[in-house]
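Here's final_9.pdb, which has PDB, C-alpha atoms, pLDDT in the B column:
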MODEL        1
ATOM      1  CA  MET A  20     106.791 110.067 176.174  1.00 80.00           C
ATOM      2  CA  ALA A  21     104.633 109.954 173.022  1.00 81.00           C
ATOM      3  CA  PHE A  22     107.711 109.113 170.928  1.00 80.00           C
ATOM      4  CA  ALA A  23     108.640 106.370 173.364  1.00 83.00           C
ATOM      5  CA  GLN A  24     105.130 104.912 173.297  1.00 87.00           C
ATOM      6  CA  ALA A  25     104.981 104.989 169.492  1.00 85.00           C
ATOM      7  CA  LEU A  26     108.382 103.407 168.933  1.00 84.00           C
ATOM      8  CA  VAL A  27     109.131 101.286 172.006  1.00 89.00           C
ATOM      9  CA  PRO A  28     105.838 100.506 173.717  1.00 87.00           C
ATOM     10  CA  ASP A  29     107.481  97.677 175.652  1.00 90.00           C
ATOM     11  CA  ASP A  30     110.072 100.051 177.180  1.00 93.00           C
ATOM     12  CA  ALA A  31     108.485 103.498 176.921  1.00 92.00           C
ATOM     13  CA  GLN A  32     109.097 104.209 180.628  1.00 94.00           C
ATOM     14  CA  GLY A  33     112.778 103.310 180.355  1.00 96.00           C
ATOM     15  CA  LEU A  34     113.318 105.522 177.328  1.00 95.00           C
ATOM     16  CA  TRP A  35     111.356 108.368 178.855  1.00 94.00           C
ATOM     17  CA  GLY A  36     113.493 108.077 182.014  1.00 96.00           C
ATOM     18  CA  GLU A  37     116.655 108.532 179.938  1.00 96.00           C
ATOM     19  CA  VAL A  38     115.236 111.542 178.090  1.00 94.00           C
ATOM     20  CA  GLN A  39     114.071 113.059 181.363  1.00 95.00           C
ATOM     21  CA  GLN A  40     117.493 112.494 182.934  1.00 97.00           C
ATOM     22  CA  ALA A  41     119.158 114.240 179.962  1.00 95.00           C
ATOM     23  CA  LEU A  42     116.782 117.160 180.453  1.00 94.00           C
ATOM     24  CA  GLU A  43     117.001 117.482 184.226  1.00 96.00           C
ATOM     25  CA  HIS A  44     120.447 116.042 185.051  1.00 97.00           C
ATOM     26  CA  PRO A  45     122.664 116.156 181.948  1.00 97.00           C
ATOM     27  CA  ALA A  46     125.871 115.438 183.895  1.00 97.00           C
ATOM     28  CA  GLN A  47     124.352 112.254 185.333  1.00 97.00           C
ATOM     29  CA  TYR A  48     123.120 111.210 181.896  1.00 97.00           C
ATOM     30  CA  LEU A  49     126.595 111.793 180.480  1.00 96.00           C
ATOM     31  CA  ASP A  50     128.205 109.748 183.261  1.00 96.00           C
ATOM     32  CA  ARG A  51     125.668 106.958 182.823  1.00 96.00           C
ATOM     33  CA  PHE A  52     126.227 106.640 179.056  1.00 96.00           C
ATOM     34  CA  ALA A  53     129.798 107.951 178.718  1.00 94.00           C
ATOM     35  CA  ALA A  54     131.078 104.998 176.698  1.00 91.00           C
ATOM     36  CA  GLU A  55     128.204 105.144 174.212  1.00 90.00           C
ATOM     37  CA  LEU A  56     128.318 108.926 173.859  1.00 92.00           C
ATOM     38  CA  ALA A  57     132.067 109.059 173.294  1.00 90.00           C
ATOM     39  CA  ASN A  58     131.470 108.098 169.657  1.00 87.00           C
ATOM     40  CA  ARG A  59     129.561 111.364 169.230  1.00 88.00           C
ATOM     41  CA  GLY A  60     132.310 113.382 170.880  1.00 86.00           C
ATOM     42  CA  MET A  61     129.998 114.169 173.770  1.00 89.00           C
ATOM     43  CA  ASN A  62     132.133 114.737 176.816  1.00 90.00           C
ATOM     44  CA  GLU A  63     130.523 117.773 178.424  1.00 93.00           C
ATOM     45  CA  PRO A  64     127.093 118.050 180.059  1.00 95.00           C
ATOM     46  CA  ALA A  65     126.428 121.064 177.827  1.00 93.00           C
ATOM     47  CA  HIS A  66     126.474 118.690 174.824  1.00 91.00           C
ATOM     48  CA  VAL A  67     123.626 116.615 176.248  1.00 93.00           C
ATOM     49  CA  THR A  68     120.149 117.336 174.902  1.00 92.00           C
ATOM     50  CA  PRO A  69     116.891 115.467 175.466  1.00 92.00           C
ATOM     51  CA  TRP A  70     116.396 115.244 171.688  1.00 92.00           C
ATOM     52  CA  LEU A  71     119.728 113.479 171.241  1.00 93.00           C
ATOM     53  CA  ALA A  72     118.961 111.276 174.261  1.00 94.00           C
ATOM     54  CA  LEU A  73     115.766 110.232 172.464  1.00 94.00           C
ATOM     55  CA  VAL A  74     117.710 109.270 169.330  1.00 95.00           C
ATOM     56  CA  GLU A  75     120.355 107.415 171.339  1.00 95.00           C
ATOM     57  CA  GLY A  76     117.735 105.562 173.375  1.00 95.00           C
ATOM     58  CA  LEU A  77     115.857 104.532 170.244  1.00 96.00           C
ATOM     59  CA  GLN A  78     119.086 103.286 168.677  1.00 95.00           C
ATOM     60  CA  TRP A  79     119.995 101.239 171.751  1.00 94.00           C
ATOM     61  CA  ARG A  80     116.540  99.651 171.550  1.00 96.00           C
ATOM     62  CA  GLY A  81     116.717  98.834 167.833  1.00 96.00           C
ATOM     63  CA  GLN A  82     114.094 101.394 166.787  1.00 96.00           C
ATOM     64  CA  ASN A  83     116.417 103.855 165.081  1.00 97.00           C
ATOM     65  CA  TYR A  84     119.396 103.396 162.813  1.00 97.00           C
ATOM     66  CA  GLU A  85     121.725 106.206 161.832  1.00 96.00           C
ATOM     67  CA  LEU A  86     122.979 106.300 158.247  1.00 97.00           C
ATOM     68  CA  ASP A  87     125.589 108.588 156.739  1.00 95.00           C
ATOM     69  CA  TRP A  88     124.331 110.929 154.026  1.00 94.00           C
ATOM     70  CA  LYS A  89     126.530 109.127 151.441  1.00 95.00           C
ATOM     71  CA  LEU A  90     124.343 106.039 151.254  1.00 96.00           C
ATOM     72  CA  ASN A  91     123.057 103.824 148.493  1.00 96.00           C
ATOM     73  CA  MET A  92     119.943 101.675 148.369  1.00 97.00           C
ATOM     74  CA  ASP A  93     121.791  98.625 149.691  1.00 96.00           C
ATOM     75  CA  ASP A  94     122.748 100.684 152.765  1.00 97.00           C
ATOM     76  CA  ALA A  95     119.144 101.802 153.205  1.00 97.00           C
ATOM     77  CA  ILE A  96     117.826  98.241 152.910  1.00 98.00           C
ATOM     78  CA  TRP A  97     120.381  96.972 155.408  1.00 97.00           C
ATOM     79  CA  ALA A  98     119.545  99.766 157.877  1.00 97.00           C
ATOM     80  CA  LEU A  99     115.811  99.112 157.564  1.00 98.00           C
ATOM     81  CA  GLN A 100     116.387  95.418 158.211  1.00 97.00           C
ATOM     82  CA  GLN A 101     118.040  96.350 161.535  1.00 97.00           C
ATOM     83  CA  LEU A 102     114.913  98.101 162.824  1.00 97.00           C
ATOM     84  CA  LYS A 103     112.636  96.108 165.091  1.00 95.00           C
ATOM     85  CA  ALA A 104     109.576  97.737 163.509  1.00 94.00           C
ATOM     86  CA  VAL A 105     110.563  96.189 160.166  1.00 96.00           C
ATOM     87  CA  GLN A 106     111.633  92.866 161.676  1.00 95.00           C
ATOM     88  CA  GLN A 107     108.392  92.452 163.621  1.00 94.00           C
ATOM     89  CA  ARG A 108     106.343  92.920 160.457  1.00 93.00           C
ATOM     90  CA  ALA A 109     108.680  90.733 158.380  1.00 93.00           C
ATOM     91  CA  LEU A 110     108.543  93.368 155.655  1.00 93.00           C
ATOM     92  CA  PRO A 111     109.912  92.132 152.349  1.00 92.00           C
ATOM     93  CA  LEU A 112     112.386  94.743 151.164  1.00 95.00           C
ATOM     94  CA  GLN A 113     113.507  92.976 147.986  1.00 91.00           C
ATOM     95  CA  ALA A 114     111.286  95.349 145.990  1.00 93.00           C
ATOM     96  CA  LEU A 115     113.934  98.002 146.701  1.00 96.00           C
ATOM     97  CA  ALA A 116     116.915  95.867 145.665  1.00 95.00           C
ATOM     98  CA  GLY A 117     118.578  96.863 142.439  1.00 91.00           C
ATOM     99  CA  SER A 118     117.662 100.526 142.728  1.00 95.00           C
ATOM    100  CA  ALA A 119     120.467 102.854 141.697  1.00 96.00           C
ATOM    101  CA  ALA A 120     119.161 105.665 143.922  1.00 97.00           C
ATOM    102  CA  LEU A 121     121.736 107.332 146.156  1.00 97.00           C
ATOM    103  CA  GLY A 122     121.613 109.459 149.288  1.00 96.00           C
ATOM    104  CA  HIS A 123     118.389 111.264 150.018  1.00 97.00           C
ATOM    105  CA  ASP A 124     116.801 109.868 146.836  1.00 98.00           C
ATOM    106  CA  ALA A 125     117.324 106.306 148.095  1.00 98.00           C
ATOM    107  CA  LEU A 126     115.551 107.181 151.332  1.00 98.00           C
ATOM    108  CA  LEU A 127     112.666 108.807 149.459  1.00 98.00           C
ATOM    109  CA  GLU A 128     112.276 105.676 147.361  1.00 98.00           C
ATOM    110  CA  ALA A 129     112.389 103.468 150.460  1.00 98.00           C
ATOM    111  CA  GLY A 130     109.858 105.785 152.095  1.00 98.00           C
ATOM    112  CA  ASP A 131     107.524 105.421 149.113  1.00 98.00           C
ATOM    113  CA  TYR A 132     107.703 101.650 149.417  1.00 97.00           C
ATOM    114  CA  LEU A 133     107.012 101.763 153.165  1.00 97.00           C
ATOM    115  CA  ARG A 134     104.004 104.036 152.545  1.00 97.00           C
ATOM    116  CA  SER A 135     102.573 101.335 150.313  1.00 96.00           C
ATOM    117  CA  GLN A 136     102.791  99.086 153.378  1.00 95.00           C
ATOM    118  CA  GLY A 137     100.981 101.589 155.654  1.00 94.00           C
ATOM    119  CA  LEU A 138     104.192 102.754 157.323  1.00 97.00           C
ATOM    120  CA  SER A 139     106.318 105.871 157.235  1.00 98.00           C
ATOM    121  CA  LEU A 140     110.073 106.255 157.100  1.00 98.00           C
ATOM    122  CA  VAL A 141     111.129 109.177 159.266  1.00 98.00           C
ATOM    123  CA  SER A 142     114.364 110.860 160.208  1.00 97.00           C
ATOM    124  CA  ILE A 143     114.730 112.453 163.618  1.00 96.00           C
ATOM    125  CA  ASP A 144     116.714 115.553 162.701  1.00 95.00           C
ATOM    126  CA  ILE A 145     119.742 116.062 164.943  1.00 93.00           C
ATOM    127  CA  GLU A 146     121.276 118.783 162.741  1.00 90.00           C
ATOM    128  CA  SER A 147     123.973 116.489 161.434  1.00 91.00           C
ATOM    129  CA  ASP A 148     125.033 115.043 158.098  1.00 91.00           C
ATOM    130  CA  CYS A 149     123.368 111.746 158.917  1.00 95.00           C
ATOM    131  CA  TYR A 150     119.885 110.298 158.901  1.00 97.00           C
ATOM    132  CA  PRO A 151     118.654 108.800 162.198  1.00 97.00           C
ATOM    133  CA  LEU A 152     115.935 106.589 160.684  1.00 98.00           C
ATOM    134  CA  SER A 153     112.851 105.067 162.265  1.00 97.00           C
ATOM    135  CA  VAL A 154     109.732 103.419 160.895  1.00 97.00           C
ATOM    136  CA  LEU A 155     106.350 104.435 162.293  1.00 94.00           C
ATOM    137  CA  GLU A 156     102.724 103.660 161.693  1.00 94.00           C
ATOM    138  CA  THR A 157     101.639 106.392 159.300  1.00 95.00           C
ATOM    139  CA  SER A 158      98.864 107.493 161.655  1.00 94.00           C
ATOM    140  CA  ALA A 159     101.460 108.307 164.357  1.00 93.00           C
ATOM    141  CA  VAL A 160     103.523 110.685 162.207  1.00 95.00           C
ATOM    142  CA  ALA A 161     101.499 113.933 162.246  1.00 95.00           C
ATOM    143  CA  PRO A 162     100.978 113.963 166.036  1.00 93.00           C
ATOM    144  CA  LEU A 163     104.675 113.230 166.612  1.00 93.00           C
ATOM    145  CA  GLN A 164     105.711 115.941 164.143  1.00 95.00           C
ATOM    146  CA  ALA A 165     103.565 118.454 166.032  1.00 92.00           C
ATOM    147  CA  LEU A 166     105.054 117.332 169.328  1.00 88.00           C
ATOM    148  CA  ALA A 167     108.594 117.520 167.957  1.00 91.00           C
ATOM    149  CA  GLN A 168     107.974 121.075 166.790  1.00 92.00           C
ATOM    150  CA  LYS A 169     106.715 122.053 170.264  1.00 86.00           C
ATOM    151  CA  VAL A 170     109.987 120.920 171.845  1.00 85.00           C
ATOM    152  CA  GLY A 171     112.191 122.459 169.167  1.00 86.00           C
ATOM    153  CA  GLY A 172     112.877 119.236 167.277  1.00 91.00           C
ATOM    154  CA  LYS A 173     112.082 118.085 163.801  1.00 95.00           C
ATOM    155  CA  LEU A 174     110.714 114.804 162.530  1.00 96.00           C
ATOM    156  CA  VAL A 175     111.165 114.542 158.756  1.00 97.00           C
ATOM    157  CA  VAL A 176     108.995 112.163 156.740  1.00 98.00           C
ATOM    158  CA  LEU A 177     110.925 110.643 153.848  1.00 98.00           C
ATOM    159  CA  HIS A 178     108.866 109.987 150.716  1.00 97.00           C
ATOM    160  CA  ASN A 179     108.170 111.602 147.359  1.00 95.00           C
TER     161      ASN A 179
ENDMDL
END

Mind converting the file's structure to structure tokens?
Amino acid sequence: MAFAQALVPDDAQGLWGEVQQALEHPAQYLDRFAAELANRGMNEPAHVTPWLALVEGLQWRGQNYELDWKLNMDDAIWALQQLKAVQQRALPLQALAGSAALGHDALLEAGDYLRSQGLSLVSIDIESDCYPLSVLETSAVAPLQALAQKVGGKLVVLHN
């Protein structure tokens, strides 16, 4: 629920309900979101995890964007512009334009810029070759990292 409150305060209950359903009734969760989960190859209740339900729910609400590991700075800028947290603050991202950074280095550079704005770029690790990215208030990161660790997840802060 803390993740939901930090990232989607206007729909924290809805997101928490989805995560709870994935935890307690994975077959129902899978039936409910079958079309959306097909892209992940999730077709068995055993594939459903609350951690992945959190990522999916955040993506459906515009608070997470998943990028392939083979990204460039233009990809990172575009993904950040899709996030409601960035849109609501009208963050100017042109300072990142023109960077030749690729992959993880591009995300570290973007994370450095966001830190200068009092925000943190984070990836919710789903043990994949992609980066599910969210932007948080910097003060929310440490408590959410501790919580993620308690439930067996990992929240990675991206900056140098």

Given the file above and the PyMOL selection byres ((chain A and resi 117-128) around 10), which residues are selected, and can you give them as JSON, numbers by chain?
{"A": [86, 87, 88, 89, 90, 91, 92, 93, 94, 95, 96, 113, 114, 115, 116, 129, 130, 131, 132, 133, 134, 140, 141, 142, 150, 152, 176, 177, 178, 179]}

Counting all atoms listed in the file, which residues come within 8 Å of (119.8, 102.9, 176.4), with the point read in the file's coordinates, and could you list them as a CSV table (one decimal) with C-alpha atoms, in the frame of the given file?
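Final output, saved to out-v7.csv:
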chain,number,residue,atom,x,y,z
A,34,LEU,CA,113.3,105.5,177.3
A,37,GLU,CA,116.7,108.5,179.9
A,52,PHE,CA,126.2,106.6,179.1
A,75,GLU,CA,120.4,107.4,171.3
A,76,GLY,CA,117.7,105.6,173.4
A,77,LEU,CA,115.9,104.5,170.2
A,78,GLN,CA,119.1,103.3,168.7
A,79,TRP,CA,120.0,101.2,171.8
A,80,ARG,CA,116.5,99.7,171.6

Could you tell me which of A:Leu138, A:Val154, A:Ala54, A:Met20 comes closest to Gly81 (chain A) if we count all atoms listed in the file?
A:Val154

Which residues are close to region 39-46 of chain A, i.e. within 9 Å by only C-alpha atoms, leaving aside same-chain residues fewer than 4 positions away? Reply as JSON, numbers by chain.
{"A": [34, 35, 50, 51, 63, 64, 65, 66, 67, 68, 69, 70, 71, 72]}

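In terms of minimum interatomic distance to Val38 (chain A), A:Val74 ranks closest within A:Leu99, A:Ala159, A:Leu166, A:Val74, counting all atoms listed in the file.
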
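If all atoms listed in the file are the atoms counted, then among A:Gln136, A:Gly60, A:Tyr84, A:Gly172 the closest residue to Ala109 (chain A) is A:Gln136.
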
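One distance worth recording is that between CA of Leu56 (chain A) and CA of Gln101 (chain A), which is 20.4 Å.
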
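For the residues A:Ser147, A:Gln82, A:Ser135, A:Gln106, ranking by smallest atom-to-atom distance to Phe22 (chain A) using all atoms listed in the file places A:Gln82 first.
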
If you measure from CA of Val175 (chain A) to CA of Lys103 (chain A), what distance in Å do you get, rounded to one decimal?
19.5 Å

Point-to-point distance from CA of Val170 (chain A) to CA of Gly36 (chain A), Å rounded to tenths:
16.8 Å

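With all atoms listed in the file as the basis for measurement, A:Ile143 is the residue among A:Cys149, A:Leu73, A:Ala53, A:Ile143 that approaches Gln164 (chain A) most closely.
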
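Residue nearest Val105 (chain A) within the list A:Leu49, A:Val27, A:Ala57, A:Leu155: A:Leu155 [criterion: smallest interatomic distance, all atoms listed in the file].
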
As lines of an AutoDock Vina configuration file, what would the box around region 72-82 of chain A look like: edges along x, y and z, 8 Å added on every side, centre and edge lengths in Å to one decimal?
center_x = 117.2
center_y = 105.1
center_z = 170.5
size_x = 22.3
size_y = 28.4
size_z = 23.5
